[in-house]
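This is upload39.txt (compact mmCIF, C-alpha atoms).
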# COMPACT_ATOMS: atom_id res chain seq x y z
CA MET D 1 27.00 -234.01 -1.19
CA THR D 2 24.62 -231.46 0.27
CA LEU D 3 20.89 -230.98 0.00
CA ASP D 4 19.75 -228.47 -2.59
CA PRO D 5 19.32 -225.09 -0.81
CA GLN D 6 15.70 -224.65 -1.90
CA ILE D 7 14.85 -228.17 -0.79
CA ALA D 8 16.69 -227.64 2.50
CA GLU D 9 14.33 -224.77 3.27
CA LEU D 10 11.31 -226.99 2.66
CA ILE D 11 12.41 -230.42 3.79
CA ASP D 12 11.03 -230.30 7.33
CA GLU D 13 7.65 -229.14 6.05
CA LEU D 14 7.63 -231.69 3.24
CA ASP D 15 8.67 -234.58 5.45
CA GLY D 16 6.41 -233.59 8.33
CA GLY D 17 3.46 -233.27 5.99
CA PHE D 18 3.93 -236.64 4.31
CA PRO D 19 0.84 -238.68 5.22
CA ALA D 20 1.30 -241.90 7.18
CA VAL D 21 0.12 -243.98 4.24
CA HIS D 22 1.42 -247.18 5.82
CA THR D 23 -1.37 -246.89 8.40
CA MET D 24 -4.08 -246.55 5.75
CA THR D 25 -5.90 -248.62 3.20
CA GLY D 26 -5.09 -247.99 -0.41
CA ALA D 27 -8.36 -246.13 -0.90
CA GLN D 28 -7.71 -243.93 2.14
CA ALA D 29 -4.19 -243.07 1.00
CA ARG D 30 -5.49 -242.33 -2.48
CA ALA D 31 -8.12 -239.96 -1.12
CA VAL D 32 -5.62 -238.11 1.09
CA ILE D 33 -3.17 -237.60 -1.77
CA ARG D 34 -5.91 -236.55 -4.14
CA ASP D 35 -7.31 -234.02 -1.66
CA ARG D 36 -3.89 -232.38 -1.37
CA PHE D 37 -3.50 -231.87 -5.08
CA VAL D 38 -3.74 -228.24 -6.19
CA PRO D 39 -3.71 -227.78 -9.97
CA PRO D 40 -1.69 -224.87 -11.33
CA ALA D 41 -3.64 -221.75 -12.22
CA ALA D 42 -1.98 -221.68 -15.65
CA PRO D 43 -0.75 -225.07 -16.92
CA GLU D 44 2.23 -225.05 -19.25
CA PRO D 45 0.89 -224.71 -22.80
CA VAL D 46 1.17 -227.69 -25.14
CA GLY D 47 -0.06 -227.70 -28.74
CA GLU D 48 -2.82 -230.23 -28.04
CA VAL D 49 -3.92 -232.14 -24.95
CA ARG D 50 -6.69 -234.74 -25.09
CA ASP D 51 -7.95 -237.69 -23.10
CA ALA D 52 -8.54 -241.10 -24.65
CA VAL D 53 -8.75 -244.80 -23.77
CA VAL D 54 -6.78 -247.84 -24.89
CA ALA D 55 -8.06 -251.41 -24.83
CA GLY D 56 -6.16 -253.11 -22.04
CA PRO D 57 -5.92 -256.70 -20.81
CA ASP D 58 -8.82 -256.19 -18.40
CA GLY D 59 -10.82 -253.26 -19.76
CA ASP D 60 -10.11 -249.79 -21.05
CA VAL D 61 -6.99 -247.96 -19.85
CA PRO D 62 -7.43 -244.15 -19.69
CA VAL D 63 -4.62 -242.08 -21.17
CA ARG D 64 -3.87 -238.40 -21.72
CA VAL D 65 -2.10 -237.43 -24.92
CA TYR D 66 0.14 -234.36 -25.15
CA ARG D 67 1.11 -233.30 -28.65
CA PRO D 68 3.45 -230.32 -29.04
CA ASP D 69 3.72 -228.49 -32.32
CA GLY D 70 5.87 -230.17 -34.94
CA ASP D 71 5.91 -233.06 -37.37
CA ASP D 72 7.20 -236.62 -37.13
CA LEU D 73 7.56 -236.42 -33.37
CA PRO D 74 8.72 -239.45 -31.37
CA ILE D 75 6.38 -240.94 -28.80
CA LEU D 76 6.93 -241.27 -25.03
CA VAL D 77 4.56 -243.57 -23.14
CA TYR D 78 4.73 -242.31 -19.55
CA ALA D 79 3.78 -244.03 -16.27
CA HIS D 80 3.22 -241.77 -13.26
CA GLY D 81 4.68 -242.41 -9.83
CA GLY D 82 2.69 -242.91 -6.64
CA GLY D 83 3.84 -246.14 -5.05
CA PHE D 84 1.64 -248.21 -7.38
CA VAL D 85 -1.26 -247.05 -5.19
CA PHE D 86 -2.07 -243.39 -5.87
CA CYS D 87 -1.58 -240.43 -8.22
CA ASP D 88 -3.17 -240.17 -11.64
CA LEU D 89 -3.25 -238.26 -14.91
CA ASP D 90 -3.84 -234.96 -13.12
CA SER D 91 -1.06 -235.31 -10.55
CA HIS D 92 1.54 -235.70 -13.31
CA ASP D 93 -0.04 -233.38 -15.85
CA GLY D 94 2.56 -230.67 -15.27
CA LEU D 95 5.54 -233.01 -15.61
CA CYS D 96 4.13 -234.58 -18.79
CA ARG D 97 3.52 -231.17 -20.34
CA SER D 98 7.09 -230.19 -19.57
CA LEU D 99 8.54 -233.38 -21.04
CA ALA D 100 6.39 -233.08 -24.16
CA ASN D 101 7.83 -229.63 -24.81
CA HIS D 102 11.42 -230.35 -23.79
CA VAL D 103 12.00 -233.45 -25.89
CA PRO D 104 9.78 -232.66 -27.93
CA ALA D 105 7.57 -235.73 -28.22
CA VAL D 106 4.01 -236.95 -28.20
CA VAL D 107 3.63 -237.95 -24.54
CA VAL D 108 1.00 -240.55 -23.65
CA SER D 109 0.37 -240.56 -19.89
CA VAL D 110 -1.12 -243.83 -18.61
CA ALA D 111 -3.74 -244.17 -15.86
CA TYR D 112 -2.86 -247.79 -15.11
CA ARG D 113 -4.77 -249.90 -12.60
CA LEU D 114 -3.77 -249.21 -9.00
CA ALA D 115 -2.94 -251.48 -6.07
CA PRO D 116 -4.05 -253.01 -3.80
CA GLU D 117 -7.27 -253.51 -5.72
CA HIS D 118 -5.18 -254.56 -8.70
CA ARG D 119 -2.04 -256.43 -7.74
CA TRP D 120 1.13 -257.14 -9.68
CA PRO D 121 1.48 -257.36 -12.64
CA ALA D 122 -1.74 -255.48 -13.52
CA ALA D 123 -0.13 -252.03 -13.70
CA ALA D 124 2.76 -253.24 -15.84
CA ASP D 125 0.36 -255.07 -18.15
CA ASP D 126 -1.60 -251.85 -18.66
CA VAL D 127 1.50 -249.83 -19.51
CA TYR D 128 2.64 -252.50 -21.94
CA ALA D 129 -0.79 -252.42 -23.63
CA VAL D 130 -0.42 -248.66 -24.17
CA VAL D 131 3.10 -249.18 -25.53
CA GLN D 132 1.64 -251.63 -28.05
CA ALA D 133 -1.06 -249.13 -29.01
CA ALA D 134 1.49 -246.36 -29.46
CA ALA D 135 3.63 -248.53 -31.70
CA ALA D 136 0.54 -249.39 -33.74
CA GLY D 137 0.01 -245.72 -34.55
CA THR D 138 -2.95 -245.06 -32.25
CA PHE D 139 -1.62 -241.66 -31.16
CA GLY D 140 0.19 -240.58 -34.31
CA GLY D 141 3.84 -239.66 -34.10
CA ASP D 142 6.79 -241.62 -35.41
CA VAL D 143 6.11 -245.26 -34.55
CA SER D 144 9.74 -246.13 -35.26
CA ARG D 145 10.76 -244.01 -32.26
CA VAL D 146 8.64 -245.11 -29.31
CA ALA D 147 10.10 -244.61 -25.83
CA VAL D 148 8.75 -245.58 -22.44
CA GLY D 149 9.28 -243.62 -19.24
CA GLY D 150 8.12 -243.01 -15.71
CA ASP D 151 9.05 -241.77 -12.27
CA SER D 152 9.34 -243.76 -9.05
CA ALA D 153 6.84 -246.65 -9.29
CA GLY D 154 6.22 -245.50 -12.85
CA GLY D 155 9.92 -245.93 -13.55
CA ASN D 156 9.55 -249.54 -12.50
CA LEU D 157 6.58 -249.99 -14.85
CA ALA D 158 8.46 -248.31 -17.69
CA THR D 159 11.50 -250.56 -17.59
CA VAL D 160 9.32 -253.62 -16.92
CA SER D 161 7.29 -252.82 -20.03
CA ALA D 162 10.58 -252.62 -21.94
CA LEU D 163 11.42 -256.09 -20.66
CA MET D 164 7.98 -257.32 -21.71
CA ALA D 165 8.41 -255.83 -25.18
CA ARG D 166 11.76 -257.59 -25.56
CA ASP D 167 10.46 -260.91 -24.24
CA ARG D 168 7.19 -260.91 -26.17
CA GLY D 169 8.52 -260.06 -29.58
CA GLY D 170 7.88 -256.33 -29.64
CA PRO D 171 7.26 -253.63 -30.20
CA ALA D 172 10.84 -252.49 -30.66
CA LEU D 173 11.46 -249.54 -28.33
CA ALA D 174 13.89 -246.72 -29.02
CA ALA D 175 14.62 -245.55 -25.46
CA GLN D 176 13.54 -245.54 -21.84
CA LEU D 177 13.41 -242.64 -19.36
CA LEU D 178 13.67 -243.79 -15.75
CA VAL D 179 13.26 -241.11 -13.10
CA TYR D 180 14.36 -242.23 -9.60
CA PRO D 181 12.78 -245.63 -10.34
CA VAL D 182 11.65 -248.35 -7.94
CA ILE D 183 13.92 -251.22 -8.97
CA ALA D 184 14.23 -253.75 -6.12
CA ALA D 185 12.53 -254.56 -2.82
CA ASP D 186 15.71 -254.14 -0.78
CA PHE D 187 15.20 -251.89 2.24
CA GLU D 188 18.65 -252.44 3.78
CA THR D 189 20.76 -250.39 1.37
CA GLU D 190 23.00 -247.57 2.54
CA SER D 191 20.67 -245.00 0.95
CA TYR D 192 17.72 -246.40 2.90
CA ARG D 193 19.81 -246.09 6.07
CA LEU D 194 20.76 -242.51 5.28
CA PHE D 195 17.55 -241.18 3.75
CA GLY D 196 14.78 -243.53 4.86
CA LYS D 197 13.71 -241.04 7.52
CA GLY D 198 13.55 -237.27 7.35
CA PHE D 199 13.88 -236.90 3.59
CA TYR D 200 10.31 -237.35 2.34
CA ASN D 201 8.82 -240.68 1.20
CA PRO D 202 10.07 -242.55 4.28
CA LYS D 203 11.04 -246.21 4.51
CA PRO D 204 7.71 -247.40 6.03
CA ALA D 205 5.86 -245.89 3.07
CA MET D 206 8.20 -247.51 0.58
CA GLN D 207 7.76 -250.90 2.24
CA TRP D 208 3.99 -250.42 2.26
CA TYR D 209 3.96 -249.73 -1.48
CA TRP D 210 5.55 -253.10 -2.14
CA ASP D 211 3.08 -254.76 0.25
CA GLN D 212 0.20 -253.32 -1.75
CA TYR D 213 1.50 -254.11 -5.23
CA VAL D 214 3.54 -257.30 -4.76
CA PRO D 215 2.41 -258.78 -1.43
CA SER D 216 4.12 -262.13 -2.04
CA VAL D 217 7.78 -261.85 -1.06
CA ALA D 218 8.55 -264.73 -3.41
CA ASP D 219 7.29 -262.68 -6.36
CA ARG D 220 9.60 -259.76 -5.56
CA THR D 221 12.54 -261.38 -7.31
CA HIS D 222 10.66 -261.75 -10.59
CA PRO D 223 12.14 -259.37 -13.20
CA TYR D 224 8.68 -258.01 -14.00
CA ALA D 225 8.41 -256.90 -10.35
CA ALA D 226 12.03 -256.07 -9.53
CA PRO D 227 13.97 -255.50 -12.77
CA LEU D 228 17.34 -255.57 -11.03
CA HIS D 229 16.92 -259.36 -10.90
CA GLY D 230 16.44 -259.67 -14.66
CA ASP D 231 18.54 -260.29 -17.74
CA LEU D 232 18.81 -256.77 -19.15
CA ARG D 233 20.46 -257.58 -22.46
CA GLY D 234 18.70 -256.14 -25.47
CA LEU D 235 16.87 -253.36 -23.65
CA PRO D 236 16.69 -249.95 -25.35
CA PRO D 237 19.04 -247.10 -24.41
CA ALA D 238 18.21 -245.65 -21.01
CA VAL D 239 18.21 -242.18 -19.50
CA LEU D 240 18.32 -242.65 -15.73
CA VAL D 241 17.71 -239.79 -13.28
CA VAL D 242 19.01 -240.33 -9.73
CA ALA D 243 18.38 -238.14 -6.68
CA GLY D 244 21.21 -238.08 -4.18
CA HIS D 245 19.08 -237.81 -1.02
CA ASP D 246 16.67 -240.59 -1.95
CA PRO D 247 16.14 -243.97 -0.25
CA LEU D 248 16.03 -245.41 -3.78
CA ARG D 249 19.39 -243.94 -4.80
CA ASP D 250 21.39 -247.14 -4.37
CA GLU D 251 19.00 -249.41 -6.24
CA ALA D 252 18.93 -246.91 -9.10
CA LEU D 253 22.73 -246.82 -9.22
CA ALA D 254 22.83 -250.62 -9.05
CA TYR D 255 20.45 -250.72 -12.01
CA ALA D 256 22.66 -248.29 -13.89
CA ALA D 257 25.61 -250.61 -13.35
CA ALA D 258 23.56 -253.64 -14.40
CA LEU D 259 22.41 -251.90 -17.58
CA LYS D 260 26.00 -251.05 -18.47
CA ASP D 261 27.10 -254.62 -17.77
CA ALA D 262 24.34 -255.82 -20.12
CA GLY D 263 25.60 -253.54 -22.88
CA VAL D 264 22.64 -251.15 -22.72
CA PRO D 265 23.62 -247.56 -23.66
CA LEU D 266 23.08 -245.38 -20.60
CA THR D 267 22.92 -241.69 -19.83
CA LEU D 268 23.10 -241.23 -16.06
CA LEU D 269 21.85 -237.90 -14.72
CA GLU D 270 22.70 -237.51 -11.03
CA PHE D 271 21.24 -234.70 -8.95
CA GLY D 272 23.03 -235.00 -5.63
CA GLY D 273 20.94 -232.34 -3.92
CA GLY D 274 17.61 -233.86 -4.94
CA ILE D 275 15.08 -235.86 -2.95
CA HIS D 276 12.64 -238.48 -4.13
CA GLY D 277 9.92 -236.85 -6.21
CA PHE D 278 11.76 -233.57 -6.77
CA MET D 279 11.08 -233.38 -10.50
CA SER D 280 7.36 -233.08 -9.75
CA MET D 281 8.00 -229.93 -7.68
CA PRO D 282 8.06 -227.19 -10.33
CA MET D 283 8.83 -224.40 -7.86
CA LEU D 284 12.36 -225.84 -7.47
CA ASP D 285 15.13 -224.66 -9.77
CA ILE D 286 16.68 -228.13 -9.58
CA ALA D 287 13.42 -229.62 -10.88
CA GLN D 288 13.39 -227.32 -13.89
CA THR D 289 17.05 -228.10 -14.58
CA ALA D 290 16.38 -231.84 -14.32
CA ARG D 291 13.42 -231.62 -16.68
CA ARG D 292 15.52 -229.81 -19.27
CA ARG D 293 18.45 -232.20 -18.97
CA ALA D 294 16.20 -235.27 -19.07
CA GLY D 295 14.45 -233.89 -22.14
CA THR D 296 17.75 -233.20 -23.86
CA ALA D 297 19.10 -236.65 -23.04
CA LEU D 298 15.96 -238.37 -24.25
CA SER D 299 16.06 -236.23 -27.40
CA ALA D 300 19.55 -237.50 -28.11
CA ALA D 301 18.54 -241.12 -27.49
CA LEU D 302 15.60 -240.71 -29.86
CA GLY D 303 17.55 -238.85 -32.52
CA VAL D 304 15.44 -235.71 -32.32
CA ALA D 305 16.99 -232.98 -34.45
CA ASP D 306 18.26 -230.08 -32.33
CA GLY D 307 16.88 -231.84 -29.23

Exercise: express the given structure as structure tokens:
Amino acid sequence: MTLDPQIAELIDELDGGFPAVHTMTGAQARAVIRDRFVPPAAPEPVGEVRDAVVAGPDGDVPVRVYRPDGDDLPILVYAHGGGFVFCDLDSHDGLCRSLANHVPAVVVSVAYRLAPEHRWPAAADDVYAVVQAAAAGTFGGDVSRVAVGGDSAGGNLATVSALMARDRGGPALAAQLLVYPVIAADFETESYRLFGKGFYNPKPAMQWYWDQYVPSVADRTHPYAAPLHGDLRGLPPAVLVVAGHDPLRDEALAYAAALKDAGVPLTLLEFGGGIHGFMSMPMLDIAQTARRRAGTALSAALGVADG
């Protein structure tokens, strides 16, 4: 397994430029990440893009709705990555546009509450509230085909919201899209040993994310914090994207095995040359390939004609 050639050319710059978030407050880290964001000069066109709010458990939850052309589209509620601490609707605008077009689906991107100001399970509760709204027809689309998805920390929130939906009597979800998700607070895996330094998103940052969102170690075995510890029976079919050079690789693969053991239909998309966060780097060919393949796989799980 070798690093993707385009990533190999950039990895030293990417890794060297990753801010030492573990030395910062949540607000400081958020400001640094936000300051580095450069929006594209020409965003990928989508039929309609609008901002809205959903009533959440502790106030309104902002969302951004992407609606490609077409009728009777399925719905994907999407939770952005960012270690539970940073990133927002703008940081993941490009990825959500791409997914909306590739599936195609109505994508509802969620600006959930961020840690450490809002600890576990606030973010998951917000995503679940948007899932409920989507299933109630708030955003249009086919309410019989609602999926939930996310990358990194957002992948955690996506599969946790699927657990919540199962445990709380609905809504019934059709699929989940989990992109290099945060699944367990285990920092001693082989992938952490191999890729926890020098491959972007280093181990100290990953540990710090957990400290911000779930500071109590005792809480980190709760399925709504670390889904690998849960009973996964009855969850919707999953599309799981794994990056080969990612500290989170092993927990994602362990989750894939656990889903299979629980009888959950699974499509596993492995990108051995990828690093954590690569799908949000549109200049990479591997990112564009992964977006297409993830869209196709989710299309199949949702029963989208010619998806």

Of the residues D:Ile286, D:Ala258, D:Leu232, D:Ala124, which is the one nearest to Arg166 of chain D, using all atoms listed in the file?
D:Leu232

Applying 7 Å and all atoms listed in the file, which residues near Phe195 of chain D remain after dropping the ones on its own chain fewer than 5 positions away? List them as a list of chain:residue names.
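In the requested format, the answer is D:His245, D:Asp246, D:Pro247.
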
If you count only C-alpha atoms, which residues fall within 10 Å of Tyr180 of chain D, apart from same-chain ones fewer than 2 positions away, as a compact mmCIF listing (two decimals) with C-alpha atoms, in the frame of the given file?
# COMPACT_ATOMS: atom_id res chain seq x y z
CA GLY D 81 4.68 -242.41 -9.83
CA GLY D 150 8.12 -243.01 -15.71
CA ASP D 151 9.05 -241.77 -12.27
CA SER D 152 9.34 -243.76 -9.05
CA ALA D 153 6.84 -246.65 -9.29
CA GLY D 154 6.22 -245.50 -12.85
CA GLY D 155 9.92 -245.93 -13.55
CA ASN D 156 9.55 -249.54 -12.50
CA LEU D 177 13.41 -242.64 -19.36
CA LEU D 178 13.67 -243.79 -15.75
CA VAL D 182 11.65 -248.35 -7.94
CA ILE D 183 13.92 -251.22 -8.97
CA LEU D 240 18.32 -242.65 -15.73
CA VAL D 241 17.71 -239.79 -13.28
CA VAL D 242 19.01 -240.33 -9.73
CA ALA D 243 18.38 -238.14 -6.68
CA GLY D 244 21.21 -238.08 -4.18
CA ASP D 246 16.67 -240.59 -1.95
CA PRO D 247 16.14 -243.97 -0.25
CA LEU D 248 16.03 -245.41 -3.78
CA ARG D 249 19.39 -243.94 -4.80
CA GLU D 251 19.00 -249.41 -6.24
CA ALA D 252 18.93 -246.91 -9.10
CA LEU D 253 22.73 -246.82 -9.22
CA GLU D 270 22.70 -237.51 -11.03
CA ILE D 275 15.08 -235.86 -2.95
CA HIS D 276 12.64 -238.48 -4.13
CA GLY D 277 9.92 -236.85 -6.21
CA PHE D 278 11.76 -233.57 -6.77
CA MET D 279 11.08 -233.38 -10.50

For atom CA of Met283 of chain D and atom CA of Gly94 of chain D, the interatomic separation in Å (one decimal):
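So the two atoms, atom CA of Met283 of chain D and atom CA of Gly94 of chain D, lie 11.6 Å apart.
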
Report as JSON, numbers by chain all protein, DNA and RNA residues lying within 12 Å of Arg291 of chain D, evaluated on all atoms listed in the file, omitting residues in the same chain fewer than 5 positions from it.
{"D": [94, 95, 96, 97, 98, 99, 100, 101, 102, 103, 104, 151, 177, 179, 239, 241, 269, 271, 278, 279, 280, 281, 282, 284, 285, 286, 296, 297, 298, 299]}

So how far away is atom CA of Ile33 of chain D from atom CA of Tyr209 of chain D, in Å?
14.1 Å
